[in-house]
$ cat structure.cif   # mmCIF, C-alpha atoms
data_start
#
loop_
_atom_site.label_atom_id
_atom_site.label_comp_id
_atom_site.auth_asym_id
_atom_site.auth_seq_id
_atom_site.Cartn_x
_atom_site.Cartn_y
_atom_site.Cartn_z
CA MET A 1 2.07 1.04 6.17
CA ILE A 2 1.23 1.37 2.49
CA LEU A 3 -2.48 1.93 1.81
CA ILE A 4 -3.80 1.36 -1.71
CA VAL A 5 -7.26 2.82 -2.24
CA TYR A 6 -9.11 2.14 -5.45
CA TYR A 7 -12.43 2.49 -7.19
CA SER A 8 -13.21 -0.09 -9.86
CA TRP A 9 -16.42 -0.22 -11.85
CA GLN A 10 -15.68 -3.16 -14.17
CA GLY A 11 -12.79 -4.80 -12.34
CA HIS A 12 -9.83 -3.48 -14.35
CA THR A 13 -8.61 -1.04 -11.71
CA GLU A 14 -9.16 -3.68 -9.02
CA LYS A 15 -6.86 -6.14 -10.85
CA VAL A 16 -4.16 -3.49 -11.12
CA ALA A 17 -4.52 -2.43 -7.46
CA MET A 18 -4.36 -6.06 -6.30
CA ALA A 19 -1.20 -6.69 -8.33
CA LEU A 20 0.44 -3.61 -6.84
CA ALA A 21 -0.59 -4.61 -3.30
CA GLU A 22 1.00 -8.03 -3.81
CA ARG A 23 4.19 -6.42 -5.07
CA VAL A 24 4.61 -3.82 -2.29
CA GLY A 25 2.80 -5.52 0.60
CA GLY A 26 0.18 -2.80 0.76
CA ARG A 27 -3.27 -2.96 2.33
CA LEU A 28 -6.16 -2.64 -0.11
CA GLU A 29 -9.18 -0.42 0.54
CA LYS A 30 -11.99 -0.44 -2.01
CA ILE A 31 -13.91 2.79 -2.53
CA GLU A 32 -17.55 1.81 -2.96
CA ALA A 33 -20.40 3.97 -4.20
CA VAL A 34 -23.44 4.27 -1.98
CA SER A 35 -25.50 3.92 -5.15
CA GLU A 36 -24.35 3.40 -8.71
CA VAL A 37 -25.82 5.46 -11.53
CA GLY A 38 -25.79 4.84 -15.28
CA MET A 39 -22.61 5.28 -17.32
CA LEU A 40 -23.83 8.45 -19.04
CA ARG A 41 -24.50 10.11 -15.69
CA LYS A 42 -21.18 8.83 -14.30
CA GLY A 43 -19.34 10.32 -17.28
CA MET A 44 -21.10 13.65 -16.86
CA MET A 45 -20.37 13.73 -13.12
CA ALA A 46 -16.70 12.98 -13.80
CA ALA A 47 -16.49 15.57 -16.60
CA PHE A 48 -17.77 18.27 -14.25
CA GLY A 49 -15.55 17.22 -11.34
CA MET A 50 -18.53 16.32 -9.18
CA ARG A 51 -18.55 14.11 -6.09
CA ALA A 52 -20.85 11.22 -5.20
CA ALA A 53 -21.50 9.50 -1.88
CA ILE A 54 -19.24 6.60 -0.91
CA ARG A 55 -19.46 3.95 1.79
CA PRO A 56 -17.17 4.50 4.80
CA ALA A 57 -13.51 3.98 3.87
CA GLN A 58 -10.19 4.70 5.54
CA THR A 59 -9.73 8.41 4.89
CA ASP A 60 -7.77 9.19 8.07
CA LEU A 61 -4.15 8.59 7.10
CA THR A 62 -2.79 8.60 10.64
CA GLY A 63 -0.60 5.49 10.76
CA VAL A 64 -0.29 5.35 6.95
CA ASP A 65 3.19 6.05 5.55
CA PHE A 66 2.33 5.93 1.88
CA LEU A 67 -0.96 6.28 -0.03
CA VAL A 68 -1.62 4.98 -3.53
CA VAL A 69 -4.78 6.13 -5.28
CA ALA A 70 -5.76 3.75 -8.09
CA THR A 71 -8.45 5.14 -10.34
CA PRO A 72 -10.05 4.62 -13.71
CA VAL A 73 -10.20 7.56 -16.12
CA TRP A 74 -13.68 8.75 -17.07
CA SER A 75 -14.19 11.67 -19.46
CA GLN A 76 -10.47 12.42 -19.00
CA LYS A 77 -11.10 12.96 -15.28
CA VAL A 78 -11.54 10.78 -12.18
CA PRO A 79 -14.84 9.20 -11.10
CA PRO A 80 -17.03 11.19 -8.68
CA TYR A 81 -16.35 8.52 -6.03
CA ILE A 82 -12.60 9.25 -6.17
CA ASN A 83 -13.35 12.97 -5.84
CA GLU A 84 -15.41 12.26 -2.72
CA TYR A 85 -12.68 10.07 -1.21
CA LEU A 86 -10.06 12.76 -1.84
CA SER A 87 -12.27 15.39 -0.19
CA GLN A 88 -12.47 13.24 2.98
CA VAL A 89 -8.74 12.52 3.36
CA SER A 90 -7.33 13.76 6.67
CA GLY A 91 -4.14 13.28 8.68
CA ALA A 92 -2.23 13.53 5.43
CA SER A 93 0.30 16.30 5.92
CA GLY A 94 3.83 15.21 5.09
CA LYS A 95 2.73 11.79 3.80
CA LEU A 96 3.86 10.42 0.45
CA PHE A 97 1.58 9.32 -2.38
CA SER A 98 1.49 7.85 -5.87
CA VAL A 99 -1.29 7.69 -8.44
CA LEU A 100 -2.13 4.67 -10.58
CA VAL A 101 -4.54 5.29 -13.44
CA GLU A 102 -6.27 2.68 -15.57
CA MET A 103 -7.88 3.79 -18.80
CA GLY A 104 -9.37 2.73 -22.08
CA GLY A 105 -7.76 5.40 -24.21
CA SER A 106 -6.65 8.82 -23.00
CA GLY A 107 -6.76 11.27 -20.14
CA ALA A 108 -4.15 9.83 -17.78
CA GLU A 109 -2.28 13.13 -17.36
CA LYS A 110 -5.45 15.03 -16.41
CA ALA A 111 -6.56 12.31 -13.99
CA VAL A 112 -3.15 12.26 -12.28
CA ALA A 113 -3.19 16.07 -12.07
CA ILE A 114 -6.62 16.05 -10.35
CA VAL A 115 -5.50 13.57 -7.67
CA ARG A 116 -2.16 15.29 -7.28
CA LYS A 117 -3.66 18.77 -6.81
CA SER A 118 -6.16 17.50 -4.24
CA LEU A 119 -3.61 15.60 -2.13
CA GLU A 120 -0.85 18.21 -2.41
CA ALA A 121 -3.37 20.77 -1.09
CA LYS A 122 -3.58 18.53 2.02
CA GLY A 123 0.20 18.69 2.48
CA MET A 124 1.06 15.36 0.83
CA ARG A 125 4.14 14.83 -1.35
CA PHE A 126 3.85 13.26 -4.80
CA VAL A 127 6.27 10.43 -5.61
CA SER A 128 5.19 8.83 -8.89
CA SER A 129 2.41 7.83 -11.23
CA ALA A 130 1.81 4.98 -13.64
CA THR A 131 -0.77 4.21 -16.29
CA THR A 132 -2.26 0.94 -17.47
CA LEU A 133 -4.52 0.43 -20.46
CA GLU A 134 -7.72 -1.58 -20.28
CA SER A 135 -6.53 -3.75 -23.20
CA GLU A 136 -3.28 -4.55 -21.34
CA VAL A 137 -5.22 -5.46 -18.19
CA ASP A 138 -7.55 -7.72 -20.21
CA ALA A 139 -4.50 -9.41 -21.75
CA GLY A 140 -2.65 -9.66 -18.42
CA GLN A 141 0.18 -7.51 -19.80
CA PHE A 142 0.28 -4.68 -17.28
CA GLY A 143 3.26 -5.96 -15.26
CA PRO A 144 5.82 -3.37 -16.44
CA ALA A 145 3.67 -0.42 -15.31
CA ILE A 146 3.06 -2.05 -11.91
CA GLU A 147 6.75 -2.86 -11.54
CA GLU A 148 7.70 0.75 -12.28
CA VAL A 149 5.41 2.28 -9.66
CA ALA A 150 6.25 -0.49 -7.17
CA ARG A 151 9.96 0.30 -7.43
CA ALA A 152 9.28 3.99 -6.78
CA ILE A 153 7.11 3.18 -3.75
CA VAL A 154 9.51 0.66 -2.24
CA ALA A 155 12.45 3.04 -2.72
CA VAL A 156 10.88 5.68 -0.48
CA ALA A 157 8.54 3.64 1.73
CA ALA A 158 11.05 1.01 2.82
CA PRO A 159 12.85 3.25 5.36
CA ALA A 160 9.52 4.22 6.97
CA ALA A 161 8.28 0.65 7.22
#
$ encode --input "structure.cif" --output "structure tokens"
Amino acid sequence: MILIVYYSWQGHTEKVAMALAERVGGRLEKIEAVSEVGMLRKGMMAAFGMRAAIRPAQTDLTGVDFLVVATPVWSQKVPPYINEYLSQVSGASGKLFSVLVEMGGSGAEKAVAIVRKSLEAKGMRFVSSATTLESEVDAGQFGPAIEEVARAIVAVAAPAA
């Protein structure tokens, strides 16, 4: 089973995650904040690598063959809600994962590195990453990035399915 977890504040990352789920037949799991704070505070929390409480989500990866983490980029990092999700992941050893980042301008490499370091520390194996830009999502022109990560996922997840 392919699990696609995502946090989306303004809907851009959600659109990208939904498109990927359609393409690979994955199950979507939305990461939701217990309480949202203002953008300035969110940016500061992201910049300092902080965590913030999330509603219950599927963090036990028993029965999951492949995990995709879809995240926006804030302050060239990931949101505190993604950090919290990553800290709760269990049953992950030996599982495969990809990272899908959605951003307004820059920081994709740092965001991917944060997710990658966290999940590799739990014994997971990195497969691929892809980046979409907010302007491409708004214009509906993010297909090539989704197609690229979908091909990588299907190539390795198909035998396990």
$ resolve_selection --input "structure.cif" --expression "the PyMOL selection byres ((chain A and resi 57) around 12)" --output "ChimeraX atom specification"
/A:3-7,28-34,53-56,58-61,81-82,84-86,88-90
$ resolve_selection --input "structure.cif" --expression "the PyMOL selection byres ((chain A and resi 45) around 12)" --output "list in words"
Glu36, Val37, Gly38, Met39, Leu40, Arg41, Lys42, Gly43, Met44, Ala46, Ala47, Phe48, Gly49, Met50, Arg51, Ala52, Trp74, Ser75, Gln76, Lys77, Val78, Pro79, Pro80, Tyr81, Ile82, Asn83 and Glu84 of chain A
$ write_last_selection --input "structure.cif" --atoms "C-alpha atoms" --output "short mmCIF file (atom, residue, chain, number, x, y, z; two decimals), in the frame of the given file"
data_model
loop_
_atom_site.label_atom_id
_atom_site.label_comp_id
_atom_site.auth_asym_id
_atom_site.auth_seq_id
_atom_site.Cartn_x
_atom_site.Cartn_y
_atom_site.Cartn_z
CA GLU A 36 -24.35 3.40 -8.71
CA VAL A 37 -25.82 5.46 -11.53
CA GLY A 38 -25.79 4.84 -15.28
CA MET A 39 -22.61 5.28 -17.32
CA LEU A 40 -23.83 8.45 -19.04
CA ARG A 41 -24.50 10.11 -15.69
CA LYS A 42 -21.18 8.83 -14.30
CA GLY A 43 -19.34 10.32 -17.28
CA MET A 44 -21.10 13.65 -16.86
CA ALA A 46 -16.70 12.98 -13.80
CA ALA A 47 -16.49 15.57 -16.60
CA PHE A 48 -17.77 18.27 -14.25
CA GLY A 49 -15.55 17.22 -11.34
CA MET A 50 -18.53 16.32 -9.18
CA ARG A 51 -18.55 14.11 -6.09
CA ALA A 52 -20.85 11.22 -5.20
CA TRP A 74 -13.68 8.75 -17.07
CA SER A 75 -14.19 11.67 -19.46
CA GLN A 76 -10.47 12.42 -19.00
CA LYS A 77 -11.10 12.96 -15.28
CA VAL A 78 -11.54 10.78 -12.18
CA PRO A 79 -14.84 9.20 -11.10
CA PRO A 80 -17.03 11.19 -8.68
CA TYR A 81 -16.35 8.52 -6.03
CA ILE A 82 -12.60 9.25 -6.17
CA ASN A 83 -13.35 12.97 -5.84
CA GLU A 84 -15.41 12.26 -2.72
#
$ atom_distance --input "structure.cif" --atom1 "CA of Thr13 in chain A" --atom2 "CA of Val73 in chain A"
9.8 Å
$ residues_around --input "structure.cif" --residues "Ala108 in chain A" --least-positions-apart "4" --cutoff "8 Å" --atoms "only C-alpha atoms" --output "list in words"
Val73, Gln76, Val101, Glu102, Met103, Val112 and Thr131 of chain A
$ write_last_selection --input "structure.cif" --atoms "C-alpha atoms" --output "PDB file, in the coordinates of the input"
ATOM      1  CA  VAL A  73     -10.200   7.560 -16.120  1.00  0.00           C
ATOM      2  CA  GLN A  76     -10.470  12.420 -19.000  1.00  0.00           C
ATOM      3  CA  VAL A 101      -4.540   5.290 -13.440  1.00  0.00           C
ATOM      4  CA  GLU A 102      -6.270   2.680 -15.570  1.00  0.00           C
ATOM      5  CA  MET A 103      -7.880   3.790 -18.800  1.00  0.00           C
ATOM      6  CA  VAL A 112      -3.150  12.260 -12.280  1.00  0.00           C
ATOM      7  CA  THR A 131      -0.770   4.210 -16.290  1.00  0.00           C
TER       8      THR A 131
END
$ resolve_selection --input "structure.cif" --expression "the PyMOL selection byres ((chain A and resi 130) around 12)" --output "ChimeraX atom specification"
/A:16-17,20,68-72,98-103,108-109,111-112,127-129,131-133,142-153
$ closest_residue --input "structure.cif" --among "A:Lys15, A:Arg116, A:Ser106, A:Phe126" --to "Ala139 in chain A" --atoms "all atoms listed in the file"
A:Lys15
$ closest_residue --input "structure.cif" --among "A:Ala155, A:Lys110, A:Gly104, A:Val24" --to "Glu134 in chain A" --atoms "only C-alpha atoms"
A:Gly104
$ atom_distance --input "structure.cif" --atom1 "CA of Met1 in chain A" --atom2 "CA of Leu119 in chain A"
17.7 Å
$ axis_aligned_box --input "structure.cif" --around "range 71-80 of chain A" --padding-each-side "6 Å" --output "AutoDock Vina command-line options"
--center_x -12.7 --center_y 8.8 --center_z -14.1 --size_x 20.6 --size_y 20.3 --size_z 22.8
$ atom_distance --input "structure.cif" --atom1 "CA of Phe66 in chain A" --atom2 "CA of Lys95 in chain A"
6.2 Å
$ decode --input "structure.cif" --residues "range 106-117 of chain A" --atoms "all heavy atoms" --output "PDB file, in the first residue's frame"
ATOM      1  N   SER A 106      12.005  29.140  -3.013  1.00  0.00           N
ATOM      2  CA  SER A 106      13.228  28.363  -2.856  1.00  0.00           C
ATOM      3  C   SER A 106      13.184  27.553  -1.571  1.00  0.00           C
ATOM      4  O   SER A 106      12.304  27.734  -0.740  1.00  0.00           O
ATOM      5  CB  SER A 106      14.447  29.297  -2.845  1.00  0.00           C
ATOM      6  OG  SER A 106      14.382  30.152  -1.716  1.00  0.00           O
ATOM      7  N   GLY A 107      14.169  26.687  -1.430  1.00  0.00           N
ATOM      8  CA  GLY A 107      14.283  25.895  -0.205  1.00  0.00           C
ATOM      9  C   GLY A 107      13.962  24.429  -0.359  1.00  0.00           C
ATOM     10  O   GLY A 107      14.000  23.688   0.619  1.00  0.00           O
ATOM     11  N   ALA A 108      13.669  23.984  -1.569  1.00  0.00           N
ATOM     12  CA  ALA A 108      13.280  22.583  -1.773  1.00  0.00           C
ATOM     13  C   ALA A 108      14.337  21.611  -1.276  1.00  0.00           C
ATOM     14  O   ALA A 108      14.011  20.633  -0.610  1.00  0.00           O
ATOM     15  CB  ALA A 108      12.988  22.321  -3.246  1.00  0.00           C
ATOM     16  N   GLU A 109      15.611  21.883  -1.586  1.00  0.00           N
ATOM     17  CA  GLU A 109      16.681  20.953  -1.217  1.00  0.00           C
ATOM     18  C   GLU A 109      16.755  20.788   0.301  1.00  0.00           C
ATOM     19  O   GLU A 109      16.904  19.680   0.802  1.00  0.00           O
ATOM     20  CB  GLU A 109      18.039  21.434  -1.749  1.00  0.00           C
ATOM     21  CG  GLU A 109      18.081  21.626  -3.256  1.00  0.00           C
ATOM     22  CD  GLU A 109      17.500  22.969  -3.728  1.00  0.00           C
ATOM     23  OE1 GLU A 109      17.286  23.880  -2.874  1.00  0.00           O
ATOM     24  OE2 GLU A 109      17.229  23.100  -4.919  1.00  0.00           O
ATOM     25  N   LYS A 110      16.645  21.898   1.027  1.00  0.00           N
ATOM     26  CA  LYS A 110      16.713  21.829   2.493  1.00  0.00           C
ATOM     27  C   LYS A 110      15.510  21.078   3.055  1.00  0.00           C
ATOM     28  O   LYS A 110      15.642  20.290   3.985  1.00  0.00           O
ATOM     29  CB  LYS A 110      16.789  23.233   3.094  1.00  0.00           C
ATOM     30  CG  LYS A 110      18.125  23.900   2.885  1.00  0.00           C
ATOM     31  CD  LYS A 110      18.153  25.274   3.522  1.00  0.00           C
ATOM     32  CE  LYS A 110      19.481  25.968   3.254  1.00  0.00           C
ATOM     33  NZ  LYS A 110      19.510  27.320   3.820  1.00  0.00           N
ATOM     34  N   ALA A 111      14.336  21.333   2.507  1.00  0.00           N
ATOM     35  CA  ALA A 111      13.128  20.651   2.981  1.00  0.00           C
ATOM     36  C   ALA A 111      13.227  19.146   2.747  1.00  0.00           C
ATOM     37  O   ALA A 111      12.903  18.340   3.631  1.00  0.00           O
ATOM     38  CB  ALA A 111      11.886  21.229   2.309  1.00  0.00           C
ATOM     39  N   VAL A 112      13.681  18.752   1.563  1.00  0.00           N
ATOM     40  CA  VAL A 112      13.844  17.326   1.261  1.00  0.00           C
ATOM     41  C   VAL A 112      14.856  16.716   2.228  1.00  0.00           C
ATOM     42  O   VAL A 112      14.640  15.627   2.769  1.00  0.00           O
ATOM     43  CB  VAL A 112      14.284  17.103  -0.211  1.00  0.00           C
ATOM     44  CG1 VAL A 112      14.728  15.659  -0.436  1.00  0.00           C
ATOM     45  CG2 VAL A 112      13.155  17.468  -1.164  1.00  0.00           C
ATOM     46  N   ALA A 113      15.948  17.426   2.477  1.00  0.00           N
ATOM     47  CA  ALA A 113      16.996  16.914   3.368  1.00  0.00           C
ATOM     48  C   ALA A 113      16.465  16.690   4.788  1.00  0.00           C
ATOM     49  O   ALA A 113      16.834  15.707   5.439  1.00  0.00           O
ATOM     50  CB  ALA A 113      18.185  17.871   3.390  1.00  0.00           C
ATOM     51  N   ILE A 114      15.603  17.577   5.271  1.00  0.00           N
ATOM     52  CA  ILE A 114      15.028  17.432   6.618  1.00  0.00           C
ATOM     53  C   ILE A 114      14.192  16.160   6.711  1.00  0.00           C
ATOM     54  O   ILE A 114      14.340  15.365   7.635  1.00  0.00           O
ATOM     55  CB  ILE A 114      14.184  18.672   6.983  1.00  0.00           C
ATOM     56  CG1 ILE A 114      15.101  19.877   7.213  1.00  0.00           C
ATOM     57  CG2 ILE A 114      13.304  18.406   8.210  1.00  0.00           C
ATOM     58  CD1 ILE A 114      14.379  21.212   7.226  1.00  0.00           C
ATOM     59  N   VAL A 115      13.301  15.966   5.725  1.00  0.00           N
ATOM     60  CA  VAL A 115      12.435  14.773   5.733  1.00  0.00           C
ATOM     61  C   VAL A 115      13.294  13.520   5.574  1.00  0.00           C
ATOM     62  O   VAL A 115      13.116  12.530   6.288  1.00  0.00           O
ATOM     63  CB  VAL A 115      11.364  14.858   4.624  1.00  0.00           C
ATOM     64  CG1 VAL A 115      10.558  13.566   4.543  1.00  0.00           C
ATOM     65  CG2 VAL A 115      10.446  16.058   4.857  1.00  0.00           C
ATOM     66  N   ARG A 116      14.238  13.599   4.657  1.00  0.00           N
ATOM     67  CA  ARG A 116      15.085  12.446   4.380  1.00  0.00           C
ATOM     68  C   ARG A 116      15.881  12.018   5.619  1.00  0.00           C
ATOM     69  O   ARG A 116      15.924  10.839   5.965  1.00  0.00           O
ATOM     70  CB  ARG A 116      16.018  12.801   3.225  1.00  0.00           C
ATOM     71  CG  ARG A 116      16.747  11.637   2.672  1.00  0.00           C
ATOM     72  CD  ARG A 116      17.460  11.983   1.393  1.00  0.00           C
ATOM     73  NE  ARG A 116      18.282  10.843   1.031  1.00  0.00           N
ATOM     74  CZ  ARG A 116      18.970  10.748  -0.067  1.00  0.00           C
ATOM     75  NH1 ARG A 116      18.956  11.720  -0.941  1.00  0.00           N
ATOM     76  NH2 ARG A 116      19.689   9.675  -0.316  1.00  0.00           N
ATOM     77  N   LYS A 117      16.499  12.978   6.294  1.00  0.00           N
ATOM     78  CA  LYS A 117      17.292  12.666   7.489  1.00  0.00           C
ATOM     79  C   LYS A 117      16.422  12.022   8.566  1.00  0.00           C
ATOM     80  O   LYS A 117      16.817  11.035   9.193  1.00  0.00           O
ATOM     81  CB  LYS A 117      17.942  13.950   8.021  1.00  0.00           C
ATOM     82  CG  LYS A 117      18.792  13.731   9.241  1.00  0.00           C
ATOM     83  CD  LYS A 117      19.420  15.035   9.719  1.00  0.00           C
ATOM     84  CE  LYS A 117      20.214  14.805  10.990  1.00  0.00           C
ATOM     85  NZ  LYS A 117      20.724  16.058  11.543  1.00  0.00           N
TER      86      LYS A 117
END
